[in-house]
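Asker: Sharing coords.txt, compact mmCIF, C-alpha atoms:
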```txt
# COMPACT_ATOMS: atom_id res chain seq x y z
CA MET J 1 138.66 -37.77 -76.21
CA LYS J 2 139.87 -34.24 -76.73
CA PRO J 3 140.22 -31.65 -73.98
CA ALA J 4 137.62 -29.01 -73.21
CA LEU J 5 138.35 -25.51 -74.49
CA PHE J 6 141.13 -23.64 -72.73
CA GLU J 7 143.18 -20.49 -73.11
CA TYR J 8 146.92 -20.83 -73.63
CA ASP J 9 149.92 -18.71 -72.62
CA ASP J 10 153.58 -19.47 -73.17
CA PRO J 11 155.59 -16.92 -71.19
CA ALA J 12 159.28 -16.67 -72.10
CA THR J 13 160.47 -15.56 -68.66
CA LEU J 14 159.90 -16.58 -65.08
CA ASP J 15 158.59 -13.10 -64.20
CA ALA J 16 156.03 -13.28 -66.99
CA ALA J 17 154.91 -16.71 -65.78
CA LEU J 18 154.55 -15.46 -62.20
CA ASP J 19 152.55 -12.45 -63.45
CA LEU J 20 150.13 -14.78 -65.23
CA LEU J 21 149.83 -17.03 -62.18
CA ALA J 22 149.12 -14.00 -59.97
CA ARG J 23 146.46 -12.78 -62.38
CA TYR J 24 144.67 -16.06 -63.11
CA GLY J 25 145.46 -18.21 -60.03
CA ASP J 26 142.82 -20.92 -59.64
CA GLU J 27 141.63 -20.68 -63.24
CA CYS J 28 144.90 -21.93 -64.68
CA LYS J 29 147.17 -24.94 -64.63
CA VAL J 30 150.89 -24.94 -65.28
CA LEU J 31 151.89 -27.08 -68.25
CA ALA J 32 155.32 -28.68 -67.79
CA GLY J 33 155.97 -31.98 -69.62
CA GLY J 34 152.24 -32.67 -69.90
CA GLN J 35 152.62 -36.42 -69.28
CA SER J 36 149.92 -36.43 -66.58
CA LEU J 37 148.01 -33.21 -67.19
CA VAL J 38 147.33 -33.75 -70.90
CA PRO J 39 145.88 -37.29 -70.48
CA LEU J 40 143.75 -35.96 -67.59
CA MET J 41 142.50 -33.16 -69.84
CA ASN J 42 141.82 -35.58 -72.68
CA PHE J 43 139.75 -37.72 -70.32
CA ARG J 44 138.17 -34.48 -69.11
CA LEU J 45 139.08 -35.38 -65.56
CA ALA J 46 140.81 -31.97 -65.54
CA ARG J 47 139.28 -28.91 -67.25
CA PRO J 48 141.57 -25.96 -66.59
CA GLY J 49 140.36 -22.73 -68.19
CA ARG J 50 143.90 -21.68 -69.02
CA LEU J 51 147.26 -23.37 -69.46
CA ILE J 52 150.50 -21.58 -68.66
CA ASP J 53 153.15 -23.41 -70.64
CA ILE J 54 156.54 -23.00 -68.95
CA ASN J 55 158.51 -25.02 -71.51
CA GLY J 56 159.93 -21.80 -72.96
CA ILE J 57 161.58 -20.71 -69.69
CA ASP J 58 165.11 -22.06 -70.05
CA SER J 59 166.25 -20.99 -66.58
CA LEU J 60 163.90 -23.58 -64.99
CA ALA J 61 165.68 -26.61 -66.52
CA GLY J 62 168.95 -28.23 -65.55
CA ILE J 63 170.89 -30.04 -62.86
CA LYS J 64 173.48 -28.19 -60.78
CA LEU J 65 175.76 -29.01 -57.87
CA GLU J 66 175.53 -26.34 -55.20
CA GLY J 67 177.77 -26.70 -52.16
CA GLY J 68 177.50 -30.49 -52.17
CA SER J 69 173.73 -30.46 -52.69
CA LEU J 70 171.99 -31.36 -55.91
CA SER J 71 169.76 -28.70 -57.39
CA ILE J 72 167.23 -29.99 -59.90
CA GLY J 73 165.42 -27.34 -61.93
CA ALA J 74 161.67 -27.91 -62.03
CA MET J 75 161.68 -28.29 -65.84
CA THR J 76 164.48 -30.88 -65.88
CA ARG J 77 163.30 -33.85 -67.93
CA HIS J 78 163.30 -37.29 -66.33
CA VAL J 79 165.74 -38.52 -68.95
CA ASP J 80 168.31 -35.87 -67.96
CA LEU J 81 168.21 -37.04 -64.35
CA GLU J 82 168.34 -40.66 -65.50
CA ARG J 83 171.49 -40.08 -67.57
CA SER J 84 173.29 -37.54 -65.37
CA GLU J 85 176.72 -38.65 -64.18
CA GLU J 86 176.47 -36.42 -61.09
CA VAL J 87 173.19 -38.07 -60.15
CA ALA J 88 174.47 -41.60 -60.82
CA HIS J 89 177.51 -40.91 -58.68
CA GLY J 90 176.06 -38.88 -55.82
CA TRP J 91 172.36 -39.79 -55.70
CA PRO J 92 171.97 -43.21 -57.36
CA LEU J 93 168.57 -43.61 -55.69
CA LEU J 94 167.15 -40.94 -58.01
CA ALA J 95 168.53 -42.63 -61.12
CA GLU J 96 167.17 -45.99 -59.94
CA ALA J 97 163.74 -44.52 -59.17
CA ILE J 98 163.53 -42.74 -62.53
CA GLY J 99 164.02 -46.06 -64.33
CA TRP J 100 160.59 -47.07 -63.02
CA VAL J 101 158.83 -43.95 -64.31
CA GLY J 102 156.53 -44.84 -67.20
CA HIS J 103 158.28 -45.58 -70.48
CA GLY J 104 161.18 -44.04 -72.38
CA GLN J 105 158.90 -41.71 -74.31
CA ILE J 106 157.33 -40.44 -71.08
CA ARG J 107 160.74 -39.91 -69.47
CA ASN J 108 161.93 -37.94 -72.50
CA ARG J 109 159.15 -35.43 -72.08
CA GLY J 110 158.06 -35.63 -68.43
CA THR J 111 159.66 -33.25 -65.94
CA VAL J 112 160.78 -33.63 -62.35
CA GLY J 113 158.82 -30.56 -61.25
CA GLY J 114 155.71 -31.72 -63.07
CA SER J 115 155.86 -35.11 -61.41
CA VAL J 116 156.16 -33.76 -57.87
CA ALA J 117 153.62 -30.95 -58.40
CA HIS J 118 151.14 -33.53 -59.72
CA ALA J 119 151.71 -35.44 -56.44
CA ASP J 120 150.42 -38.82 -57.52
CA PRO J 121 150.79 -41.11 -54.47
CA ALA J 122 151.97 -43.89 -56.82
CA ALA J 123 154.74 -41.76 -58.33
CA GLU J 124 158.36 -42.73 -57.85
CA LEU J 125 160.09 -39.37 -57.44
CA PRO J 126 158.09 -38.09 -54.44
CA ALA J 127 158.98 -41.23 -52.47
CA ALA J 128 162.66 -41.02 -53.45
CA LEU J 129 162.75 -37.32 -52.55
CA ALA J 130 161.09 -38.08 -49.21
CA VAL J 131 163.84 -40.54 -48.31
CA LEU J 132 166.50 -38.05 -49.40
CA ASP J 133 164.87 -35.26 -47.30
CA ALA J 134 164.61 -32.94 -50.29
CA LYS J 135 163.59 -29.28 -50.09
CA PHE J 136 161.36 -27.49 -52.54
CA HIS J 137 162.07 -23.93 -53.68
CA ILE J 138 158.91 -22.03 -54.58
CA ARG J 139 158.31 -18.55 -56.04
CA SER J 140 155.41 -16.22 -56.57
CA LYS J 141 154.90 -12.49 -57.03
CA ARG J 142 154.58 -12.35 -53.25
CA GLY J 143 158.10 -13.72 -52.75
CA ALA J 144 160.11 -16.91 -52.39
CA ARG J 145 159.82 -19.73 -49.87
CA THR J 146 161.38 -23.11 -49.28
CA VAL J 147 159.59 -26.09 -47.74
CA GLY J 148 160.64 -29.62 -46.80
CA TRP J 149 159.12 -32.59 -48.65
CA ASP J 150 156.79 -33.28 -45.72
CA GLN J 151 155.26 -29.79 -46.02
CA PHE J 152 155.16 -29.97 -49.82
CA PHE J 153 153.13 -33.16 -50.28
CA VAL J 154 149.71 -32.72 -48.66
CA ALA J 155 147.37 -35.40 -50.06
CA GLU J 156 146.48 -37.24 -53.27
CA PHE J 157 147.28 -34.93 -56.18
CA THR J 158 147.60 -32.05 -53.70
CA THR J 159 150.66 -30.05 -52.70
CA SER J 160 151.05 -26.94 -50.56
CA LEU J 161 151.66 -24.84 -53.70
CA ALA J 162 149.26 -21.88 -53.69
CA PRO J 163 147.47 -21.10 -56.98
CA ASP J 164 149.85 -18.22 -57.72
CA GLU J 165 153.03 -20.16 -56.85
CA LEU J 166 155.47 -21.97 -59.10
CA LEU J 167 157.92 -24.69 -58.12
CA ILE J 168 161.38 -23.48 -59.18
CA SER J 169 163.78 -26.20 -58.12
CA ILE J 170 164.32 -29.15 -55.80
CA GLU J 171 167.32 -29.29 -53.52
CA VAL J 172 168.62 -32.72 -52.52
CA PRO J 173 171.14 -32.73 -49.65
CA PRO J 174 174.38 -34.69 -50.04
CA ILE J 175 174.39 -38.36 -49.10
CA GLU J 176 176.68 -39.20 -46.20
CA ALA J 177 179.63 -41.57 -46.67
CA GLY J 178 178.85 -45.21 -45.91
CA THR J 179 175.30 -44.87 -47.20
CA ALA J 180 173.60 -47.21 -49.65
CA THR J 181 170.18 -46.81 -51.28
CA ALA J 182 167.66 -48.94 -53.13
CA PHE J 183 164.38 -48.41 -54.96
CA VAL J 184 161.96 -51.28 -55.57
CA GLU J 185 158.38 -51.41 -56.78
CA TYR J 186 155.85 -53.74 -58.33
CA ALA J 187 153.37 -52.87 -61.08
CA ARG J 188 151.11 -55.16 -63.09
CA ARG J 189 152.76 -54.17 -66.35
CA HIS J 190 156.08 -52.58 -67.18
CA GLY J 191 155.68 -48.82 -66.79
CA ASP J 192 152.30 -48.89 -65.01
CA PHE J 193 151.66 -47.06 -61.77
CA ALA J 194 153.08 -49.08 -58.90
CA LEU J 195 150.75 -51.13 -56.72
CA GLY J 196 153.38 -50.62 -54.05
CA GLY J 197 157.01 -49.70 -53.72
CA ALA J 198 159.75 -48.57 -51.37
CA ALA J 199 162.68 -46.16 -51.44
CA VAL J 200 165.30 -47.05 -48.86
CA MET J 201 168.52 -45.49 -47.57
CA VAL J 202 170.77 -47.08 -44.96
CA LYS J 203 173.98 -45.82 -43.43
CA VAL J 204 176.16 -48.66 -42.24
CA ALA J 205 178.99 -48.28 -39.71
CA ARG J 206 182.38 -49.98 -39.99
CA ASP J 207 181.27 -52.76 -37.66
CA GLY J 208 178.38 -53.55 -40.03
CA SER J 209 175.62 -52.14 -37.86
CA CYS J 210 173.03 -49.73 -39.23
CA GLU J 211 173.66 -46.17 -38.05
CA LYS J 212 170.65 -44.64 -39.74
CA ALA J 213 167.84 -45.82 -41.99
CA SER J 214 165.22 -44.03 -44.05
CA ILE J 215 162.24 -45.74 -45.67
CA ALA J 216 159.57 -44.11 -47.84
CA LEU J 217 156.66 -46.04 -49.31
CA LEU J 218 154.73 -45.20 -52.47
CA SER J 219 151.10 -46.12 -53.14
CA ALA J 220 150.81 -46.49 -49.37
CA GLY J 221 148.72 -43.43 -48.48
CA PRO J 222 147.67 -40.00 -49.73
CA ALA J 223 151.29 -38.79 -49.87
CA PRO J 224 154.70 -40.49 -49.61
CA VAL J 225 154.81 -42.33 -46.28
CA ARG J 226 157.99 -42.27 -44.22
CA ALA J 227 158.12 -45.34 -41.97
CA ARG J 228 159.59 -43.51 -38.97
CA ASN J 229 159.01 -46.28 -36.41
CA ALA J 230 160.64 -48.88 -38.62
CA GLU J 231 163.55 -46.51 -39.25
CA ALA J 232 164.06 -46.08 -35.51
CA MET J 233 163.97 -49.86 -35.00
CA LEU J 234 166.86 -50.34 -37.43
CA ALA J 235 169.24 -47.87 -35.80
CA GLY J 236 172.16 -49.65 -34.14
CA LYS J 237 171.13 -53.10 -35.42
CA THR J 238 172.88 -55.43 -37.81
CA LEU J 239 170.72 -55.70 -40.93
CA ASP J 240 170.06 -59.44 -40.88
CA GLU J 241 166.92 -61.18 -42.09
CA ALA J 242 165.18 -61.10 -38.70
CA VAL J 243 165.81 -57.37 -38.20
CA ILE J 244 164.75 -56.53 -41.75
CA GLY J 245 161.60 -58.66 -41.41
CA ALA J 246 160.61 -56.99 -38.14
CA ALA J 247 161.19 -53.53 -39.62
CA ALA J 248 159.05 -54.43 -42.65
CA ASP J 249 156.24 -55.57 -40.32
CA GLU J 250 156.48 -52.27 -38.47
CA ALA J 251 156.63 -50.18 -41.66
CA VAL J 252 153.17 -51.33 -42.81
CA ARG J 253 151.46 -51.23 -39.43
CA ASP J 254 148.53 -48.76 -39.54
CA LEU J 255 148.73 -48.31 -43.32
CA HIS J 256 145.41 -48.10 -45.16
CA PRO J 257 146.12 -47.83 -48.88
CA THR J 258 143.10 -47.35 -51.13
CA SER J 259 141.53 -50.42 -52.75
CA ASP J 260 140.84 -50.45 -56.46
CA ILE J 261 140.27 -52.99 -59.23
CA HIS J 262 143.98 -53.80 -59.36
CA GLY J 263 144.35 -54.68 -55.71
CA SER J 264 142.56 -54.49 -52.37
CA SER J 265 143.92 -52.52 -49.45
CA GLU J 266 144.85 -55.80 -47.71
CA TYR J 267 146.77 -56.97 -50.78
CA ARG J 268 148.59 -53.66 -51.01
CA VAL J 269 149.66 -53.78 -47.36
CA LYS J 270 151.17 -57.23 -47.92
CA LEU J 271 152.87 -56.04 -51.08
CA LEU J 272 154.26 -52.97 -49.30
CA ARG J 273 155.68 -55.23 -46.62
CA THR J 274 157.41 -57.31 -49.31
CA MET J 275 158.72 -54.16 -51.01
CA THR J 276 160.09 -52.75 -47.73
CA GLU J 277 161.81 -56.05 -47.00
CA ARG J 278 163.32 -56.28 -50.48
CA GLY J 279 164.38 -52.63 -50.50
CA LEU J 280 166.14 -52.99 -47.16
CA ARG J 281 167.77 -56.24 -48.22
CA LYS J 282 169.05 -54.68 -51.44
CA ALA J 283 170.37 -51.55 -49.72
CA ALA J 284 172.04 -53.64 -46.98
CA LYS J 285 173.70 -55.80 -49.61
CA ARG J 286 174.96 -52.75 -51.45
CA ALA J 287 176.29 -51.24 -48.22
CA ALA J 288 178.08 -54.48 -47.37
CA GLY J 289 179.63 -54.62 -50.85
CA ARG J 290 181.10 -51.18 -50.36
CA THR J 291 182.92 -51.74 -47.06
CA MET F 1 157.36 -69.72 -65.59
CA GLU F 2 157.95 -68.20 -62.17
CA VAL F 3 155.49 -67.24 -59.45
CA ASP F 4 156.45 -64.73 -56.77
CA PRO F 5 154.10 -65.53 -53.87
CA LYS F 6 155.14 -62.42 -51.94
CA SER F 7 154.03 -59.99 -54.66
CA GLY F 8 151.65 -62.20 -56.62
CA ALA F 9 153.64 -61.68 -59.82
CA VAL F 10 153.61 -64.32 -62.56
CA HIS F 11 156.50 -64.23 -65.05
CA VAL F 12 156.15 -66.37 -68.15
CA ARG F 13 159.66 -67.37 -69.16
CA ARG F 14 158.96 -69.65 -72.08
CA PHE F 15 155.87 -70.73 -73.98
CA ALA F 16 155.43 -73.20 -76.81
CA VAL F 17 152.51 -73.70 -79.17
CA ALA F 18 152.12 -76.85 -81.26
CA TYR F 19 149.44 -76.62 -83.92
CA ASP F 20 148.32 -78.78 -86.79
CA VAL F 21 146.69 -76.62 -89.44
CA GLY F 22 146.22 -79.20 -92.13
CA ARG F 23 148.11 -77.22 -94.73
CA VAL F 24 149.96 -73.93 -94.36
CA VAL F 25 149.21 -71.54 -97.20
CA ASN F 26 151.30 -68.60 -95.96
CA PRO F 27 153.84 -69.53 -93.24
CA MET F 28 154.49 -65.93 -92.18
CA LEU F 29 150.80 -65.20 -91.67
CA MET F 30 150.48 -68.48 -89.82
CA GLU F 31 153.20 -67.50 -87.33
CA GLY F 32 151.66 -64.06 -86.97
CA GLN F 33 148.32 -65.63 -86.09
CA ILE F 34 149.92 -67.84 -83.46
CA SER F 35 152.09 -65.17 -81.82
CA GLY F 36 149.27 -62.60 -81.88
CA GLY F 37 146.90 -65.17 -80.47
CA PHE F 38 149.40 -66.00 -77.74
CA ALA F 39 149.61 -62.30 -76.78
CA GLN F 40 145.83 -62.20 -76.53
CA GLY F 41 145.96 -65.30 -74.36
CA ILE F 42 148.51 -63.68 -72.02
CA GLY F 43 146.17 -60.69 -71.69
CA GLY F 44 143.19 -62.85 -70.77
CA THR F 45 145.23 -64.98 -68.41
CA LEU F 46 147.08 -62.31 -66.46
CA LEU F 47 145.65 -58.85 -67.10
CA GLU F 48 142.35 -58.23 -68.85
CA GLU F 49 139.24 -58.14 -66.71
CA PHE F 50 135.81 -56.55 -66.96
CA SER F 51 135.06 -55.15 -63.53
CA PHE F 52 131.80 -53.55 -62.42
CA ASP F 53 130.66 -51.84 -59.26
CA SER F 54 127.53 -52.89 -57.36
CA SER F 55 125.29 -50.75 -59.58
CA GLY F 56 126.73 -52.21 -62.77
CA GLN F 57 128.99 -49.33 -63.72
CA PRO F 58 132.04 -50.60 -65.61
CA LEU F 59 135.23 -49.89 -63.65
CA ALA F 60 137.73 -50.67 -66.40
CA ALA F 61 136.36 -48.18 -68.90
CA SER F 62 139.60 -47.08 -70.55
CA PHE F 63 142.93 -48.63 -71.44
CA MET F 64 144.34 -47.04 -68.29
CA ASP F 65 142.41 -49.65 -66.30
CA TYR F 66 141.68 -52.38 -68.82
CA LEU F 67 145.19 -53.73 -69.08
CA LEU F 68 146.34 -55.07 -72.43
CA PRO F 69 149.67 -56.88 -72.58
CA THR F 70 152.56 -54.93 -74.08
CA SER F 71 155.78 -56.28 -75.57
CA GLU F 72 157.26 -56.42 -72.05
CA GLU F 73 154.59 -58.85 -70.88
CA VAL F 74 154.68 -61.17 -73.88
CA PRO F 75 157.72 -63.46 -74.04
CA ASP F 76 158.93 -65.11 -77.21
CA VAL F 77 156.84 -68.09 -78.21
CA ASP F 78 158.23 -71.31 -79.68
CA MET F 79 156.06 -72.70 -82.46
CA LEU F 80 155.69 -76.15 -83.90
CA VAL F 81 153.40 -76.01 -86.91
CA THR F 82 152.62 -79.38 -88.43
CA GLU F 83 150.68 -80.48 -91.52
CA ASP F 84 150.16 -84.10 -90.53
CA ALA F 85 146.37 -84.14 -90.62
CA PRO F 86 144.90 -82.23 -93.58
CA SER F 87 141.21 -81.51 -93.33
CA PRO F 88 139.10 -83.90 -95.42
CA LEU F 89 136.40 -81.24 -95.68
CA ASN F 90 137.95 -79.01 -98.33
CA PRO F 91 140.14 -79.56 -101.43
CA LEU F 92 143.20 -77.76 -99.95
CA GLY F 93 143.10 -79.58 -96.61
CA VAL F 94 143.36 -76.28 -94.71
CA LYS F 95 141.99 -75.62 -91.23
CA GLY F 96 141.32 -72.34 -89.44
CA ALA F 97 144.45 -70.91 -87.89
CA GLY F 98 143.10 -67.72 -86.29
CA GLU F 99 143.49 -67.46 -82.52
CA GLY F 100 145.30 -70.78 -82.56
CA GLY F 101 147.69 -69.48 -79.95
CA THR F 102 144.96 -68.09 -77.70
CA ALA F 103 142.83 -70.97 -76.55
CA ALA F 104 145.27 -72.94 -74.43
CA VAL F 105 147.15 -70.08 -72.77
CA GLY F 106 144.83 -69.67 -69.78
CA ALA F 107 144.78 -73.38 -69.06
CA ALA F 108 148.53 -73.83 -69.57
CA ILE F 109 149.57 -70.92 -67.36
CA GLY F 110 146.83 -71.69 -64.84
CA ASN F 111 148.09 -75.26 -64.54
CA ALA F 112 151.68 -74.06 -64.28
CA VAL F 113 150.68 -71.75 -61.41
CA SER F 114 148.85 -74.69 -59.83
CA ASP F 115 152.00 -76.75 -60.14
CA ALA F 116 154.12 -73.99 -58.60
CA LEU F 117 151.80 -73.31 -55.68
CA GLY F 118 150.19 -76.71 -55.13
CA VAL F 119 146.63 -75.33 -55.31
CA GLU F 120 144.11 -75.51 -58.11
CA VAL F 121 143.50 -72.41 -60.21
CA THR F 122 139.81 -72.08 -61.07
CA ARG F 123 139.55 -68.46 -62.14
CA LEU F 124 141.22 -66.03 -64.52
CA PRO F 125 142.79 -63.55 -64.80
CA LEU F 126 145.56 -64.43 -62.41
CA SER F 127 145.85 -60.95 -60.93
CA PRO F 128 148.63 -60.47 -58.39
CA GLN F 129 146.08 -60.32 -55.59
CA ARG F 130 144.52 -63.65 -56.65
CA VAL F 131 147.94 -65.27 -56.97
CA MET F 132 148.90 -64.07 -53.50
CA GLU F 133 145.62 -65.42 -52.11
CA LEU F 134 146.20 -68.76 -53.84
CA ALA F 135 149.71 -68.86 -52.39
CA GLY F 136 148.26 -68.23 -48.96
CA ALA F 137 150.96 -65.60 -48.39
```
Take the structure I supplied and represent it as structure tokens, if you would.
Answerer:
Amino acid sequence: MKPALFEYDDPATLDAALDLLARYGDECKVLAGGQSLVPLMNFRLARPGRLIDINGIDSLAGIKLEGGSLSIGAMTRHVDLERSEEVAHGWPLLAEAIGWVGHGQIRNRGTVGGSVAHADPAAELPAALAVLDAKFHIRSKRGARTVGWDQFFVAEFTTSLAPDELLISIEVPPIEAGTATAFVEYARRHGDFALGGAAVMVKVARDGSCEKASIALLSAGPAPVRARNAEAMLAGKTLDEAVIGAAADEAVRDLHPTSDIHGSSEYRVKLLRTMTERGLRKAAKRAAGRT
Amino acid sequence: MEVDPKSGAVHVRRFAVAYDVGRVVNPMLMEGQISGGFAQGIGGTLLEEFSFDSSGQPLAASFMDYLLPTSEEVPDVDMLVTEDAPSPLNPLGVKGAGEGGTAAVGAAIGNAVSDALGVEVTRLPLSPQRVMELAGA
């Protein structure tokens, strides 16, 4: 199908984009890479009256190191994150997660900001950013604000962005020494939305015990799910099979993912348990290989 | 092939089709028919399914939900094409070659999954949820 009629603006500056957002608010949608929005419009699942195309605003794209943190401009393409040496070196979890995003063509065009603002619960980047405790820098005519990932993702396809606000950049704090990460997921076909997946970060002490663990699950609920109880269980323990298995059991307790034709809620809980276990195992192995 | 009982994934590592077509007129077209047919068979065996809700509304109404196999899901197929038994029913001895690769895929993969898990497969497609249920995981 083709999209319903819409108006189109392509502001050249951030100020011009914020002016348009302030004027049209709810009527408009921001067009970034268009890899989710355009298919939704073609299916007429989305019918925005106006598109504000921010592809012409150069200042929104790019990866920068700022005082040890990683700053990812909202219009940075997936492929640029995937191929960045800084990312591969400092935040390999992001590079690993990006590899699971759609297909090469989608990653060439799709943007980091577009992916997180779309807030698909099956998306890879929101889960990875949840594990990394990322912050989101937001602007509007009313001013600037910064929120943590847990205040940014609200529900399925819903963020805390107000209609007049634009996501500017994502700030990822530095990863502590002795930390290893892993991203795992399972989809029915290569590049499909994951039926379940896990982003995992573990910090391992010299004696081999786990100092700190972070686990975020995708396709597990309306937003990325941090498995806080399982994380707490892992602290101070040696990451052996029994400990990892018990943490995986705990991580999926009380989860109620949505059933659809590709898998029931019960199936998805079992899959998420498997993904948590495999993610932890992989991260633990990587941590052990480093020491 | 490999079955992962903890995710329900089925990975087809190698597949072979042996087919007697009586006489091959165009070998390249023949191989195309077999490999294309095999891809169709993979789709029917692992992915493609017409689903409906309780009021009869189709739930897989676009190619976002009706999953066709892509190049990543279709492994290379080994082919043995023979001409040992020409058809007596026409002067050239040819037989139909269309969909030759399709028909046996469901049964072959289904039986391989049965062999891997020790339970009989009676229904296709082998979605990950069904495979996990069969595995009793």
Asker: Kindly indicate which residue among J:Leu195, J:Ile244, J:Val225, J:Ala230 lies nearest to chain F, using only C-alpha atoms for the distances.
Answerer: J:Leu195
Asker: Atom CA of Lys282 of chain J and atom CA of Ala119 of chain J, how far apart in Å?
Answerer: 26.4 Å
Asker: Any idea what's packed within 8 Å of Leu81 of chain J, counting only C-alpha atoms, ignoring anything in its chain fewer than 5 positions away? Could you give it as a ChimeraX atom specification?
Answerer: /J:63,76,87,94-95,98
Asker: Kindly provide the residues of chain J that approach chain F to within 10 Å, each paired with its closest atom pair and their distance in Å to one decimal, based on all atoms listed in the file, listed by chain and increasing number, as CSV.
Answerer:
```
residue,atom,partner,partner_atom,distance
J:Phe43,CA,F:Ser62,CA,9.4
J:Glu185,CA,F:Ser7,CA,9.9
J:Tyr186,CA,F:Ser7,CA,7.5
J:Ala187,CA,F:Ala9,CA,8.9
J:Arg188,CA,F:Pro128,CA,7.5
J:Arg189,CA,F:Glu73,CA,6.8
J:His190,CA,F:Glu72,CA,6.3
J:Gly191,CA,F:Glu72,CA,9.4
J:Asp192,CA,F:Met64,CA,8.8
J:Phe193,CA,F:Met64,CA,9.8
J:Leu195,CA,F:Ser7,CA,9.7
J:Gly196,CA,F:Ser7,CA,9.4
J:Asp260,CA,F:Leu59,CA,9.1
J:Ile261,CA,F:Ser51,CA,7.1
J:His262,CA,F:Ser127,CA,7.6
J:Gly263,CA,F:Gln129,CA,5.9
J:Ser264,CA,F:Gln129,CA,7.5
J:Glu266,CA,F:Gln129,CA,9.2
J:Tyr267,CA,F:Gln129,CA,5.9
J:Arg268,CA,F:Gln129,CA,8.5
J:Lys270,CA,F:Lys6,CA,7.7
J:Leu271,CA,F:Ser7,CA,5.5
J:Leu272,CA,F:Ser7,CA,8.8
J:Arg273,CA,F:Lys6,CA,9.0
J:Thr274,CA,F:Lys6,CA,6.2
J:Met275,CA,F:Ser7,CA,8.3
```
Asker: Taking 6 positions as the minimum chain separation for residues in the same chain, which residues sit within 10 Å of Gly96 of chain F when counting only C-alpha atoms? Answer as a PyMOL selection string.
Answerer: chain F and resi 20-23+30+87
Asker: Contacts of Cys28 of chain J at 12 Å or less, counting only C-alpha atoms, minus same-chain residues fewer than 6 places along, as a PDB file with C-alpha atoms, keeping the file's coordinate frame?
Answerer:
```pdb
ATOM      1  CA  PHE J   6     141.130 -23.640 -72.730  1.00  0.00           C
ATOM      2  CA  GLU J   7     143.180 -20.490 -73.110  1.00  0.00           C
ATOM      3  CA  TYR J   8     146.920 -20.830 -73.630  1.00  0.00           C
ATOM      4  CA  ASP J   9     149.920 -18.710 -72.620  1.00  0.00           C
ATOM      5  CA  ALA J  17     154.910 -16.710 -65.780  1.00  0.00           C
ATOM      6  CA  LEU J  18     154.550 -15.460 -62.200  1.00  0.00           C
ATOM      7  CA  LEU J  20     150.130 -14.780 -65.230  1.00  0.00           C
ATOM      8  CA  LEU J  21     149.830 -17.030 -62.180  1.00  0.00           C
ATOM      9  CA  ALA J  22     149.120 -14.000 -59.970  1.00  0.00           C
ATOM     10  CA  LEU J  37     148.010 -33.210 -67.190  1.00  0.00           C
ATOM     11  CA  ALA J  46     140.810 -31.970 -65.540  1.00  0.00           C
ATOM     12  CA  ARG J  47     139.280 -28.910 -67.250  1.00  0.00           C
ATOM     13  CA  PRO J  48     141.570 -25.960 -66.590  1.00  0.00           C
ATOM     14  CA  GLY J  49     140.360 -22.730 -68.190  1.00  0.00           C
ATOM     15  CA  ARG J  50     143.900 -21.680 -69.020  1.00  0.00           C
ATOM     16  CA  LEU J  51     147.260 -23.370 -69.460  1.00  0.00           C
ATOM     17  CA  ILE J  52     150.500 -21.580 -68.660  1.00  0.00           C
ATOM     18  CA  ASP J  53     153.150 -23.410 -70.640  1.00  0.00           C
ATOM     19  CA  ALA J 162     149.260 -21.880 -53.690  1.00  0.00           C
ATOM     20  CA  PRO J 163     147.470 -21.100 -56.980  1.00  0.00           C
ATOM     21  CA  ASP J 164     149.850 -18.220 -57.720  1.00  0.00           C
ATOM     22  CA  GLU J 165     153.030 -20.160 -56.850  1.00  0.00           C
ATOM     23  CA  LEU J 166     155.470 -21.970 -59.100  1.00  0.00           C
TER      24      LEU J 166
END
```
